[in-house]
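Structure below is data.cif: mmCIF, C-alpha atoms.
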data_run
loop_
_atom_site.label_atom_id
_atom_site.label_comp_id
_atom_site.auth_asym_id
_atom_site.auth_seq_id
_atom_site.Cartn_x
_atom_site.Cartn_y
_atom_site.Cartn_z
CA MET A 124 -51.04 69.38 31.71
CA SER A 125 -50.92 68.69 35.45
CA VAL A 126 -50.46 65.28 37.04
CA GLN A 127 -53.99 65.38 38.50
CA SER A 128 -55.62 65.96 35.09
CA ALA A 129 -53.59 63.08 33.53
CA ALA A 130 -54.70 60.69 36.27
CA ALA A 131 -58.30 61.79 35.74
CA ASP A 132 -58.05 61.00 32.02
CA VAL A 133 -56.77 57.50 32.81
CA ASP A 134 -59.63 56.92 35.23
CA VAL A 135 -62.14 58.02 32.60
CA ASP A 136 -60.68 55.66 29.94
CA LEU A 137 -60.76 52.61 32.21
CA ARG A 138 -64.32 53.32 33.22
CA GLN A 139 -65.34 53.61 29.59
CA LEU A 140 -63.53 50.35 28.73
CA PHE A 141 -65.22 48.32 31.41
CA ALA A 142 -68.51 49.91 30.56
CA SER A 143 -68.10 48.93 26.93
CA LEU A 144 -67.26 45.34 27.89
CA ALA A 145 -70.28 45.19 30.10
CA ARG A 146 -72.53 46.41 27.32
CA ASN A 147 -71.11 44.06 24.62
CA TRP A 148 -70.27 40.93 26.63
CA LEU A 149 -72.75 38.78 24.78
CA ARG A 150 -71.38 39.78 21.41
CA ILE A 151 -67.82 39.03 22.57
CA VAL A 152 -68.79 35.60 23.88
CA LEU A 153 -70.53 34.77 20.61
CA VAL A 154 -67.47 35.79 18.58
CA VAL A 155 -65.16 33.65 20.74
CA LEU A 156 -67.49 30.67 20.54
CA LEU A 157 -67.83 31.08 16.78
CA ALA A 158 -64.05 31.25 16.27
CA THR A 159 -63.51 28.22 18.49
CA GLY A 160 -66.19 26.28 16.67
CA LEU A 161 -64.76 27.14 13.28
CA ALA A 162 -61.27 26.07 14.40
CA PHE A 163 -62.61 22.80 15.79
CA ALA A 164 -64.62 22.19 12.64
CA PHE A 165 -61.54 22.80 10.49
CA ALA A 166 -59.46 20.47 12.63
CA SER A 167 -62.18 17.82 12.48
CA LEU A 168 -62.82 18.09 8.75
CA ALA A 169 -59.20 18.62 7.57
CA THR A 170 -57.43 15.63 6.06
CA ARG A 171 -55.21 13.97 8.61
CA HIS A 172 -51.56 13.36 7.78
CA TYR A 173 -49.34 10.75 9.38
CA LYS A 174 -45.57 10.69 9.53
CA ALA A 175 -43.17 7.75 9.94
CA GLU A 176 -39.38 7.46 9.91
CA THR A 177 -36.91 4.80 8.79
CA GLN A 178 -33.25 4.98 9.80
CA VAL A 179 -30.36 3.69 7.69
CA GLU A 180 -26.90 3.11 9.17
CA ILE A 181 -23.87 3.64 6.97
CA ALA A 182 -21.36 1.05 8.22
CA PRO A 183 -19.01 -1.53 6.66
CA ARG A 184 -20.61 -4.92 6.15
CA GLU A 185 -17.47 -6.54 4.75
CA SER A 186 -15.92 -9.35 6.80
CA ILE A 187 -12.17 -9.38 7.32
CA TYR A 188 -12.17 -12.86 5.78
CA THR A 189 -13.89 -11.71 2.59
CA ARG A 190 -12.38 -8.27 2.25
CA PRO A 191 -10.17 -7.89 -0.84
CA ALA A 192 -6.49 -8.29 0.01
CA SER A 193 -5.74 -4.80 -1.30
CA ASN A 194 -8.17 -3.30 1.26
CA ASN A 195 -7.02 -5.15 4.37
CA ASN A 196 -4.99 -2.13 5.48
CA ASP A 197 -7.96 0.23 5.23
CA THR A 198 -9.91 -1.06 8.23
CA ASP A 199 -9.43 2.20 10.15
CA LYS A 200 -10.35 4.41 7.22
CA PRO A 201 -13.64 6.30 7.79
CA ILE A 202 -16.44 5.27 5.42
CA LEU A 203 -18.06 8.66 4.95
CA ASP A 204 -17.22 12.21 5.86
CA GLU A 205 -19.75 15.03 6.06
CA GLN A 206 -19.79 15.46 2.28
CA GLY A 207 -20.17 11.71 1.85
CA VAL A 208 -23.25 11.62 4.08
CA ALA A 209 -24.73 14.56 2.15
CA THR A 210 -24.11 12.65 -1.08
CA GLN A 211 -25.95 9.59 0.24
CA VAL A 212 -28.84 11.82 1.34
CA GLN A 213 -29.15 13.09 -2.23
CA ILE A 214 -28.99 9.54 -3.60
CA ILE A 215 -31.74 8.36 -1.24
CA SER A 216 -34.02 11.23 -2.25
CA SER A 217 -33.18 10.93 -5.96
CA ASN A 218 -35.84 10.46 -8.63
CA GLU A 219 -34.40 7.06 -9.51
CA ILE A 220 -35.07 5.69 -6.01
CA LEU A 221 -38.49 7.34 -5.77
CA LYS A 222 -39.51 5.96 -9.17
CA GLN A 223 -38.77 2.43 -8.00
CA VAL A 224 -40.80 2.94 -4.81
CA SER A 225 -43.68 4.53 -6.73
CA GLN A 226 -43.85 1.61 -9.14
CA LYS A 227 -43.54 -0.95 -6.34
CA LEU A 228 -46.33 0.58 -4.22
CA GLY A 229 -48.48 1.74 -7.15
CA LEU A 230 -48.60 5.35 -5.95
CA GLU A 231 -49.73 6.60 -9.36
CA LYS A 232 -53.08 4.90 -8.66
CA LEU A 233 -53.66 6.90 -5.48
CA PRO A 234 -55.38 10.33 -5.63
CA GLU A 235 -53.07 11.54 -2.87
CA PHE A 236 -50.16 11.36 -5.30
CA ASN A 237 -52.01 11.66 -8.62
CA GLU A 238 -54.35 14.64 -8.35
CA ALA A 239 -55.79 14.00 -11.81
CA LEU A 240 -57.59 10.88 -10.54
CA ASP A 241 -59.93 12.77 -8.19
CA MET A 242 -60.24 16.47 -8.96
CA SER A 243 -62.87 18.34 -6.96
CA ALA A 244 -65.46 20.55 -8.66
CA LEU A 245 -63.71 23.61 -7.27
CA SER A 246 -60.39 22.49 -8.72
CA ARG A 247 -61.98 21.86 -12.11
CA ALA A 248 -63.60 25.30 -12.04
CA LEU A 249 -60.30 26.94 -11.16
CA VAL A 250 -58.63 25.09 -14.04
CA LEU A 251 -61.38 26.23 -16.45
CA VAL A 252 -61.01 29.89 -15.53
CA GLY A 253 -57.20 29.63 -15.68
CA LEU A 254 -56.57 30.23 -11.99
CA LYS A 255 -54.95 26.82 -11.57
CA SER A 256 -52.73 24.75 -13.85
CA ASP A 257 -54.24 21.61 -15.33
CA PRO A 258 -52.52 18.58 -13.72
CA MET A 259 -53.24 16.57 -16.86
CA GLU A 260 -50.69 18.68 -18.69
CA ILE A 261 -47.94 17.22 -16.46
CA PRO A 262 -46.87 13.57 -17.02
CA THR A 263 -48.19 11.18 -14.39
CA GLU A 264 -44.71 10.14 -13.27
CA GLU A 265 -43.67 13.75 -12.77
CA ARG A 266 -46.84 14.50 -10.76
CA VAL A 267 -46.21 11.53 -8.48
CA LEU A 268 -42.53 12.40 -7.97
CA LYS A 269 -43.41 16.01 -7.16
CA LYS A 270 -45.88 14.86 -4.49
CA MET A 271 -43.37 12.38 -3.07
CA HIS A 272 -40.66 15.02 -2.81
CA GLY A 273 -43.09 17.29 -0.99
CA LYS A 274 -43.82 14.60 1.60
CA LEU A 275 -40.24 13.32 1.92
CA ASN A 276 -37.54 14.57 4.27
CA VAL A 277 -34.11 12.88 4.26
CA TYR A 278 -31.33 14.11 6.55
CA GLY A 279 -28.22 12.90 8.32
CA VAL A 280 -28.45 12.61 12.09
CA GLU A 281 -25.77 14.88 13.56
CA LYS A 282 -22.58 13.23 14.85
CA THR A 283 -23.72 9.77 13.72
CA ARG A 284 -23.61 7.63 10.60
CA ILE A 285 -27.40 7.41 10.60
CA ILE A 286 -29.53 8.78 7.77
CA ALA A 287 -33.20 9.37 8.66
CA ILE A 288 -35.93 9.01 6.02
CA GLU A 289 -39.19 10.75 7.00
CA PHE A 290 -42.37 10.49 4.96
CA SER A 291 -45.88 11.82 5.51
CA SER A 292 -49.11 10.49 4.04
CA GLU A 293 -52.86 10.47 4.56
CA ASP A 294 -52.61 6.70 5.02
CA PRO A 295 -50.66 5.71 8.18
CA LYS A 296 -49.69 2.36 6.66
CA LEU A 297 -48.41 4.08 3.54
CA ALA A 298 -46.53 6.59 5.69
CA ALA A 299 -44.55 3.64 7.11
CA ALA A 300 -44.35 1.60 3.90
CA VAL A 301 -42.81 4.34 1.73
CA PRO A 302 -39.66 5.10 3.84
CA ASP A 303 -39.08 1.37 4.34
CA ALA A 304 -39.35 0.86 0.58
CA ILE A 305 -37.02 3.81 -0.06
CA ALA A 306 -34.41 2.36 2.32
CA ALA A 307 -34.70 -1.07 0.70
CA ALA A 308 -34.39 0.42 -2.79
CA TYR A 309 -31.33 2.41 -1.69
CA ILE A 310 -29.57 -0.66 -0.26
CA ALA A 311 -30.48 -2.70 -3.34
CA GLY A 312 -29.11 0.11 -5.50
CA GLN A 313 -25.85 0.06 -3.57
CA GLY A 314 -25.56 -3.67 -4.19
CA ALA A 315 -26.35 -3.21 -7.87
CA ALA A 316 -23.71 -0.49 -8.07
CA LYS A 317 -21.13 -2.85 -6.55
CA LEU A 318 -22.14 -5.61 -8.94
CA GLU A 319 -21.84 -3.20 -11.84
CA SER A 320 -18.45 -2.06 -10.52
CA ASN A 321 -17.24 -5.66 -10.24
CA SER A 322 -18.53 -6.45 -13.71
CA ALA A 323 -16.89 -3.35 -15.14
CA ALA A 324 -13.62 -4.23 -13.37
CA ALA A 325 -13.72 -7.79 -14.70
CA ASP A 326 -14.55 -6.56 -18.21
CA PHE A 327 -11.68 -4.08 -18.05
CA LEU A 328 -9.15 -6.49 -16.56
CA ALA A 329 -9.80 -9.44 -18.90
CA PRO A 330 -8.31 -7.86 -22.06
CA GLU A 331 -5.64 -6.09 -20.00
CA ILE A 332 -4.56 -9.44 -18.54
CA ALA A 333 -4.42 -11.03 -21.98
CA ASP A 334 -2.32 -8.14 -23.28
CA LEU A 335 -0.03 -8.24 -20.23
CA GLN A 336 0.46 -11.99 -20.63
CA ARG A 337 1.71 -11.38 -24.16
CA GLN A 338 3.94 -8.57 -22.95
CA VAL A 339 5.39 -10.72 -20.15
CA LYS A 340 6.05 -13.57 -22.57
CA ASP A 341 7.78 -11.21 -25.02
CA ALA A 342 9.81 -9.51 -22.26
CA GLU A 343 11.02 -12.81 -20.79
CA ALA A 344 11.85 -14.07 -24.28
CA LYS A 345 13.95 -10.94 -24.86
CA VAL A 346 15.83 -11.60 -21.62
CA ALA A 347 16.60 -15.19 -22.60
CA ALA A 348 17.59 -14.23 -26.16
CA TYR A 349 19.88 -11.42 -24.99
CA ARG A 350 21.55 -13.67 -22.41
CA ALA A 351 22.19 -16.33 -25.06
CA GLN A 352 23.40 -13.79 -27.61
CA SER A 353 25.77 -12.01 -25.24
CA ASP A 354 27.03 -15.30 -23.75
CA LEU A 355 26.65 -13.86 -20.26
CA LEU A 356 27.52 -16.62 -17.81
CA MET A 357 26.60 -16.19 -14.17
CA GLY A 358 28.98 -17.12 -11.39
CA GLY A 359 28.46 -17.33 -7.66
CA ASN A 360 26.51 -14.68 -5.74
CA ASN A 361 24.51 -13.97 -8.90
CA SER A 362 27.45 -12.08 -10.46
CA VAL A 363 28.79 -12.18 -14.00
CA LEU A 364 31.38 -14.94 -14.43
CA ALA A 365 33.94 -12.61 -16.07
CA THR A 366 33.69 -10.20 -13.15
CA GLN A 367 34.00 -13.03 -10.64
CA GLN A 368 37.05 -14.45 -12.46
CA LEU A 369 38.64 -10.99 -12.57
CA SER A 370 38.21 -10.67 -8.83
CA GLU A 371 39.72 -14.12 -8.22
CA LEU A 372 42.68 -13.46 -10.54
CA SER A 373 43.30 -10.08 -8.91
CA SER A 374 43.46 -11.75 -5.51
CA GLU A 375 45.83 -14.43 -6.83
CA LEU A 376 48.00 -11.76 -8.49
CA SER A 377 48.37 -9.95 -5.18
CA LYS A 378 49.49 -13.18 -3.48
CA VAL A 379 51.98 -14.03 -6.26
CA ARG A 380 53.48 -10.55 -6.12
CA ALA A 381 53.84 -10.81 -2.36
CA ASN A 382 55.53 -14.25 -2.63
CA ARG A 383 57.87 -13.04 -5.39
CA ALA A 384 58.87 -10.00 -3.39
CA ALA A 385 59.49 -12.13 -0.29
CA ALA A 386 61.65 -14.62 -2.27
CA GLU A 387 63.70 -11.83 -3.85
CA ALA A 388 64.25 -10.15 -0.48
CA THR A 389 65.37 -13.41 1.15
CA ALA A 390 67.72 -14.28 -1.75
CA ASP A 391 69.20 -10.79 -1.56
CA GLY A 392 69.80 -11.21 2.17
CA VAL A 393 71.59 -14.54 1.63
CA ARG A 394 73.71 -13.00 -1.16
CA ARG A 395 74.85 -10.11 1.00
CA ALA A 396 75.71 -12.47 3.85
CA LEU A 397 77.79 -14.65 1.55
CA GLN A 398 79.54 -11.74 -0.12
CA ASN A 399 80.36 -9.91 3.10
CA GLY A 400 81.22 -13.01 5.06
CA GLY A 401 78.46 -12.26 7.48
CA SER A 402 76.53 -14.66 9.63
CA LEU A 403 73.82 -16.70 7.99
CA ASP A 404 72.01 -17.22 11.26
CA ALA A 405 69.80 -14.20 10.59
CA VAL A 406 68.29 -15.83 7.50
CA PRO A 407 65.30 -18.05 8.51
CA GLU A 408 65.41 -20.08 5.28
CA VAL A 409 69.04 -21.04 5.96
CA LEU A 410 68.39 -21.96 9.55
CA SER A 411 65.40 -24.06 8.58
CA SER A 412 67.52 -26.31 6.30
CA ASP A 413 67.95 -29.79 7.80
CA LEU A 414 71.44 -30.21 6.30
CA ILE A 415 72.65 -26.89 7.63
CA GLN A 416 71.21 -27.73 11.04
CA ARG A 417 73.22 -30.99 11.08
CA LEU A 418 76.34 -29.15 9.90
CA ARG A 419 75.84 -26.56 12.64
CA GLU A 420 75.54 -29.31 15.21
CA ARG A 421 78.79 -30.85 13.92
CA GLN A 422 80.45 -27.43 14.13
CA VAL A 423 79.41 -27.10 17.75
CA GLU A 424 80.76 -30.57 18.48
CA LEU A 425 84.13 -29.86 16.78
CA ARG A 426 84.51 -26.53 18.57
CA SER A 427 83.85 -28.31 21.85
CA ASN A 428 86.47 -30.93 21.06
CA ILE A 429 89.02 -28.30 20.05
CA ALA A 430 88.36 -26.45 23.27
CA ASP A 431 88.83 -29.59 25.34
CA LEU A 432 92.08 -30.57 23.58
CA SER A 433 93.46 -27.04 23.74
CA THR A 434 93.77 -27.40 27.49
CA THR A 435 96.38 -30.16 27.08
CA LEU A 436 97.70 -29.70 23.55
CA LEU A 437 99.28 -26.87 21.66
CA GLY A 438 97.58 -25.23 18.68
CA ASN A 439 99.93 -26.90 16.17
CA HIS A 440 99.25 -30.34 17.45
CA PRO A 441 98.19 -32.65 14.62
CA ARG A 442 94.92 -33.55 16.29
CA ILE A 443 93.93 -29.91 16.82
CA ARG A 444 94.98 -29.04 13.29
CA ALA A 445 92.87 -31.93 11.96
CA LEU A 446 89.83 -30.77 13.93
CA LYS A 447 90.28 -27.20 12.69
CA SER A 448 90.52 -28.51 9.14
CA GLN A 449 87.23 -30.37 9.61
CA LEU A 450 85.70 -27.19 11.05
CA SER A 451 86.81 -25.23 8.00
CA ASP A 452 85.29 -27.84 5.72
CA LEU A 453 82.01 -27.56 7.61
CA ASP A 454 81.99 -23.76 7.08
CA ALA A 455 82.54 -24.31 3.39
CA GLN A 456 79.72 -26.85 3.25
CA ILE A 457 77.38 -24.44 5.07
CA ARG A 458 78.20 -21.61 2.65
CA SER A 459 77.75 -23.98 -0.28
CA GLU A 460 74.37 -25.05 1.04
CA ALA A 461 73.44 -21.38 1.59
CA GLN A 462 74.30 -20.66 -2.03
CA LYS A 463 72.00 -23.50 -3.10
CA ILE A 464 69.21 -22.02 -0.95
CA MET A 465 69.84 -18.60 -2.52
CA LYS A 466 69.62 -20.09 -6.00
CA GLY A 467 66.41 -21.86 -5.05
CA LEU A 468 64.95 -18.60 -3.81
CA LEU A 469 65.99 -16.85 -7.00
CA MET A 470 64.37 -19.58 -9.07
CA GLN A 471 61.25 -19.30 -6.90
CA ALA A 472 61.23 -15.54 -7.49
CA GLU A 473 61.67 -16.03 -11.23
CA THR A 474 58.82 -18.55 -11.27
CA ALA A 475 56.64 -16.14 -9.32
CA LYS A 476 57.61 -13.35 -11.71
CA ALA A 477 56.61 -15.47 -14.69
CA ARG A 478 53.33 -16.36 -13.00
CA GLU A 479 52.85 -12.69 -12.17
CA ASN A 480 53.36 -11.68 -15.79
CA GLN A 481 50.88 -14.31 -16.92
CA LEU A 482 48.34 -13.16 -14.34
CA VAL A 483 48.79 -9.53 -15.39
CA ALA A 484 48.07 -10.50 -18.98
CA ASP A 485 45.05 -12.55 -17.91
CA VAL A 486 43.76 -9.72 -15.72
CA ASN A 487 44.08 -7.23 -18.56
CA THR A 488 42.20 -9.59 -20.84
CA LEU A 489 39.50 -10.12 -18.24
CA LYS A 490 39.24 -6.38 -17.61
CA ALA A 491 38.17 -5.86 -21.20
CA ALA A 492 35.84 -8.85 -21.03
CA SER A 493 34.44 -7.70 -17.69
CA ALA A 494 33.85 -4.17 -19.00
CA GLN A 495 31.99 -5.57 -22.00
CA ALA A 496 30.09 -7.97 -19.75
CA GLY A 497 29.23 -5.08 -17.43
CA GLU A 498 27.72 -3.11 -20.29
CA GLN A 499 25.83 -6.18 -21.42
CA GLN A 500 24.71 -6.82 -17.84
CA VAL A 501 23.30 -3.28 -17.63
CA ASP A 502 21.25 -3.92 -20.75
CA LEU A 503 20.21 -7.32 -19.44
CA ASP A 504 19.20 -5.84 -16.08
CA ALA A 505 17.04 -3.29 -17.87
CA LEU A 506 15.31 -6.08 -19.78
CA GLN A 507 14.87 -8.08 -16.58
CA ARG A 508 13.42 -5.08 -14.71
CA ASP A 509 10.96 -4.54 -17.51
CA ALA A 510 9.98 -8.22 -17.46
CA THR A 511 9.70 -8.20 -13.64
CA ALA A 512 7.55 -5.05 -13.63
CA LYS A 513 5.22 -6.55 -16.23
CA ARG A 514 5.08 -9.81 -14.27
CA GLN A 515 4.18 -7.98 -11.04
CA GLN A 516 1.54 -5.93 -12.85
CA LEU A 517 0.12 -9.12 -14.33
CA GLU A 518 -0.04 -10.82 -10.91
CA LEU A 519 -1.80 -7.75 -9.45
CA TYR A 520 -4.34 -7.73 -12.29
CA LEU A 521 -4.89 -11.47 -11.92
CA THR A 522 -5.53 -11.08 -8.17
CA ASN A 523 -7.98 -8.23 -8.73
CA TYR A 524 -9.69 -10.11 -11.55
CA ARG A 525 -10.15 -13.24 -9.42
CA GLU A 526 -11.63 -11.16 -6.59
CA ALA A 527 -14.00 -9.31 -8.92
CA ALA A 528 -15.00 -12.48 -10.77
CA SER A 529 -15.61 -14.44 -7.56
CA ARG A 530 -17.91 -11.72 -6.19
CA GLN A 531 -19.67 -11.46 -9.52
CA ASP A 532 -20.18 -15.21 -9.86
CA ARG A 533 -21.35 -15.77 -6.28
CA ASN A 534 -23.30 -12.50 -6.00
CA TYR A 535 -21.54 -11.74 -2.73
CA LEU A 536 -22.14 -8.00 -2.55
CA PRO A 537 -21.96 -6.71 1.03
CA VAL A 538 -23.05 -3.07 0.95
CA ASP A 539 -21.94 -0.46 3.46
CA ALA A 540 -25.48 0.24 4.67
CA ARG A 541 -28.26 -1.46 6.61
CA ILE A 542 -31.70 -0.57 7.92
CA ALA A 543 -31.08 0.33 11.55
CA SER A 544 -34.73 1.02 12.38
CA LYS A 545 -37.82 0.28 10.31
CA ALA A 546 -40.74 2.67 10.28
CA SER A 547 -43.65 1.95 12.59
CA VAL A 548 -47.25 2.60 11.52
CA PRO A 549 -48.17 5.86 13.32
CA SER A 550 -51.25 5.71 15.52
CA GLU A 551 -51.74 9.49 15.74
CA ALA A 552 -51.74 12.13 13.05
CA TYR A 553 -49.06 14.80 13.24
CA PHE A 554 -51.40 17.23 11.42
CA PRO A 555 -53.80 18.62 12.37
CA LYS A 556 -53.36 18.54 16.12
CA VAL A 557 -56.82 18.24 17.69
#

What do you get writing this file as structure tokens?
Amino acid sequence: MSVQSAAADVDVDLRQLFASLARNWLRIVLVVLLATGLAFAFASLATRHYKAETQVEIAPRESIYTRPASNNNDTDKPILDEQGVATQVQIISSNEILKQVSQKLGLEKLPEFNEALDMSALSRALVLVGLKSDPMEIPTEERVLKKMHGKLNVYGVEKTRIIAIEFSSEDPKLAAAVPDAIAAAYIAGQGAAKLESNSAAADFLAPEIADLQRQVKDAEAKVAAYRAQSDLLMGGNNSVLATQQLSELSSELSKVRANRAAAEATADGVRRALQNGGSLDAVPEVLSSDLIQRLRERQVELRSNIADLSTTLLGNHPRIRALKSQLSDLDAQIRSEAQKIMKGLLMQAETAKARENQLVADVNTLKAASAQAGEQQVDLDALQRDATAKRQQLELYLTNYREAASRQDRNYLPVDARIASKASVPSEAYFPKV
């Protein structure tokens, strides 16, 4: 086919189209007017439906001054996550909440929710021929709940803690009243759940507290009885007396051994000096003797006199010989006094040795007593830990019981939800749009 013939065909078709429109314009106008009229009539005669929305905020209502002590560290903890919000949405749209609202507003008396109250002739005919189920076969409550679920839309507002409750109805006032009533029933249900939780906690804790009180009394009695039976006496720093005495005796034994060793060493030094004719000046105990100090001073004086006289007299002179004799007597007296000091040191060492032996015996005795006391202390500590744990558990239960009982008695039940925005009575229908 050539391009010219194709263009001719297109020209023929357009001419026929416009010719057809020209011939049938009246029919087309009538059809358009009829369709428009039918649509307007349907919109005018159709039952109007109104929609309203109530918003509920999920937020803590507990004051820091009334919050239970165990929860004071949870202030930054989020109330609900995404799953938690979805759970609350399901609770709000649950049959239990809707039943309460239906009973409160008497929805079962309204044909909009109870179709059996006002069935049209067409509906009755359809029921008779079996083309429609008989609403009377369904319980009234179930019919009302089914209608309510069909008109209800509950959802969580994205990125907020707001839950929106939408409801549609033929009555604009009812469209606003139902979501408000649902929100109120939900909040009341939350309070009732908290009251029930507090009551359940108090009911659970009361017998537990009574049982724990008996256990604490028995545990503390066991501690006292075991302490009396084992004769465990406590010393300073909360330690067993036997252990404390052992520590003190061990310290004293170390000192006595050191003193005995020092006395023996000093006596041995004096003995060697006396036996070998050595100087006693190196022995501090000898030098510290008052008598020896006086004898030493006399020796110095005699040596000075001998030195002075030796310049004028010969060594055999009677005076020099007399002074030398006195000097020799002084040496003998000093050595005699040194021997007395040595004997005193030996006696001191013997006394220390006897004390050491006694302390060793006492320490050995206390070691056995301390070991036994240590074993008994381990058993006693176990009993005390058990009593302390039961006491702490009892105090925790008592605190929780007082908190639960005070909230139950005073009906202080702050719920974690509030109505953020009540529904307004809609002035325009959302269906149909005229």

The distance between CA of Arg442 in chain A and CA of Arg458 in chain A is 24.7 Å

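Here the question is which of A:Thr366, A:Gln223, A:Gln336, A:Ser547 gets nearest to Ala491 in chain A using only C-alpha atoms, and that residue is A:Thr366.
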
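With all atoms listed in the file as the atoms that count, the minimum distance from Arg383 in chain A to the choices A:Gln471, A:Gln422, A:Thr435, A:Ser459 is reached by A:Gln471.
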
One number please: CA of Ala304 in chain A to CA of Val212 in chain A, in Å, one decimal.
15.2 Å

List the neighbours of Tyr349 in chain A out to 10 Å using all atoms listed in the file; skip same-chain residues closer than 2 positions along the sequence, and give me the result as an mmCIF file with C-alpha atoms, in the frame of the given file.
data_model
loop_
_atom_site.group_PDB
_atom_site.id
_atom_site.type_symbol
_atom_site.label_atom_id
_atom_site.label_comp_id
_atom_site.auth_asym_id
_atom_site.auth_seq_id
_atom_site.Cartn_x
_atom_site.Cartn_y
_atom_site.Cartn_z
ATOM 1 C CA GLU A 343 11.020 -12.810 -20.790
ATOM 2 C CA ALA A 344 11.850 -14.070 -24.280
ATOM 3 C CA LYS A 345 13.950 -10.940 -24.860
ATOM 4 C CA VAL A 346 15.830 -11.600 -21.620
ATOM 5 C CA ALA A 347 16.600 -15.190 -22.600
ATOM 6 C CA ALA A 351 22.190 -16.330 -25.060
ATOM 7 C CA GLN A 352 23.400 -13.790 -27.610
ATOM 8 C CA SER A 353 25.770 -12.010 -25.240
ATOM 9 C CA ASP A 354 27.030 -15.300 -23.750
ATOM 10 C CA LEU A 355 26.650 -13.860 -20.260
ATOM 11 C CA GLN A 499 25.830 -6.180 -21.420
ATOM 12 C CA GLN A 500 24.710 -6.820 -17.840
ATOM 13 C CA ASP A 502 21.250 -3.920 -20.750
ATOM 14 C CA LEU A 503 20.210 -7.320 -19.440
ATOM 15 C CA LEU A 506 15.310 -6.080 -19.780
#

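Remark: for Gln481 in chain A, the closest of the candidate residues A:Ser433, A:Gln456, A:Ser373, A:Thr511 is A:Ser373 (distances computed over all atoms listed in the file).
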
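The two atoms in question, CA of Ala385 in chain A and CA of Leu369 in chain A, are spaced 24.2 Å apart.
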
Would you mind completing range 427-440 of chain A so that it carries N, CA and C atoms, and writing it out as a PDB file, in the coordinates of the input?
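That gives us part-v4.pdb:
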ATOM      1  N   SER A 427      83.747 -27.802  20.477  1.00  0.00           N
ATOM      2  CA  SER A 427      83.850 -28.310  21.850  1.00  0.00           C
ATOM      3  C   SER A 427      85.081 -29.203  22.013  1.00  0.00           C
ATOM      4  N   ASN A 428      85.296 -30.041  20.996  1.00  0.00           N
ATOM      5  CA  ASN A 428      86.470 -30.930  21.060  1.00  0.00           C
ATOM      6  C   ASN A 428      87.773 -30.135  21.027  1.00  0.00           C
ATOM      7  N   ILE A 429      87.818 -29.133  20.150  1.00  0.00           N
ATOM      8  CA  ILE A 429      89.020 -28.300  20.050  1.00  0.00           C
ATOM      9  C   ILE A 429      89.269 -27.595  21.384  1.00  0.00           C
ATOM     10  N   ALA A 430      88.202 -27.135  21.993  1.00  0.00           N
ATOM     11  CA  ALA A 430      88.360 -26.450  23.270  1.00  0.00           C
ATOM     12  C   ALA A 430      88.883 -27.396  24.343  1.00  0.00           C
ATOM     13  N   ASP A 431      88.385 -28.612  24.345  1.00  0.00           N
ATOM     14  CA  ASP A 431      88.830 -29.590  25.340  1.00  0.00           C
ATOM     15  C   ASP A 431      90.313 -29.937  25.140  1.00  0.00           C
ATOM     16  N   LEU A 432      90.690 -30.174  23.857  1.00  0.00           N
ATOM     17  CA  LEU A 432      92.080 -30.570  23.580  1.00  0.00           C
ATOM     18  C   LEU A 432      93.044 -29.407  23.773  1.00  0.00           C
ATOM     19  N   SER A 433      92.577 -28.199  23.603  1.00  0.00           N
ATOM     20  CA  SER A 433      93.460 -27.040  23.740  1.00  0.00           C
ATOM     21  C   SER A 433      93.964 -26.858  25.158  1.00  0.00           C
ATOM     22  N   THR A 434      93.323 -27.503  26.095  1.00  0.00           N
ATOM     23  CA  THR A 434      93.770 -27.400  27.490  1.00  0.00           C
ATOM     24  C   THR A 434      95.021 -28.250  27.739  1.00  0.00           C
ATOM     25  N   THR A 435      95.239 -29.251  26.875  1.00  0.00           N
ATOM     26  CA  THR A 435      96.380 -30.160  27.080  1.00  0.00           C
ATOM     27  C   THR A 435      97.347 -30.151  25.908  1.00  0.00           C
ATOM     28  N   LEU A 436      96.859 -29.669  24.741  1.00  0.00           N
ATOM     29  CA  LEU A 436      97.700 -29.700  23.550  1.00  0.00           C
ATOM     30  C   LEU A 436      97.878 -28.291  23.012  1.00  0.00           C
ATOM     31  N   LEU A 437      99.011 -28.151  22.281  1.00  0.00           N
ATOM     32  CA  LEU A 437      99.280 -26.870  21.660  1.00  0.00           C
ATOM     33  C   LEU A 437      98.476 -26.727  20.377  1.00  0.00           C
ATOM     34  N   GLY A 438      98.400 -25.487  19.849  1.00  0.00           N
ATOM     35  CA  GLY A 438      97.580 -25.230  18.680  1.00  0.00           C
ATOM     36  C   GLY A 438      98.075 -25.922  17.425  1.00  0.00           C
ATOM     37  N   ASN A 439      99.405 -26.243  17.364  1.00  0.00           N
ATOM     38  CA  ASN A 439      99.930 -26.900  16.170  1.00  0.00           C
ATOM     39  C   ASN A 439      99.908 -28.404  16.268  1.00  0.00           C
ATOM     40  N   HIS A 440      99.304 -28.888  17.299  1.00  0.00           N
ATOM     41  CA  HIS A 440      99.250 -30.340  17.450  1.00  0.00           C
ATOM     42  C   HIS A 440      98.448 -30.921  16.312  1.00  0.00           C
TER      43      HIS A 440
END
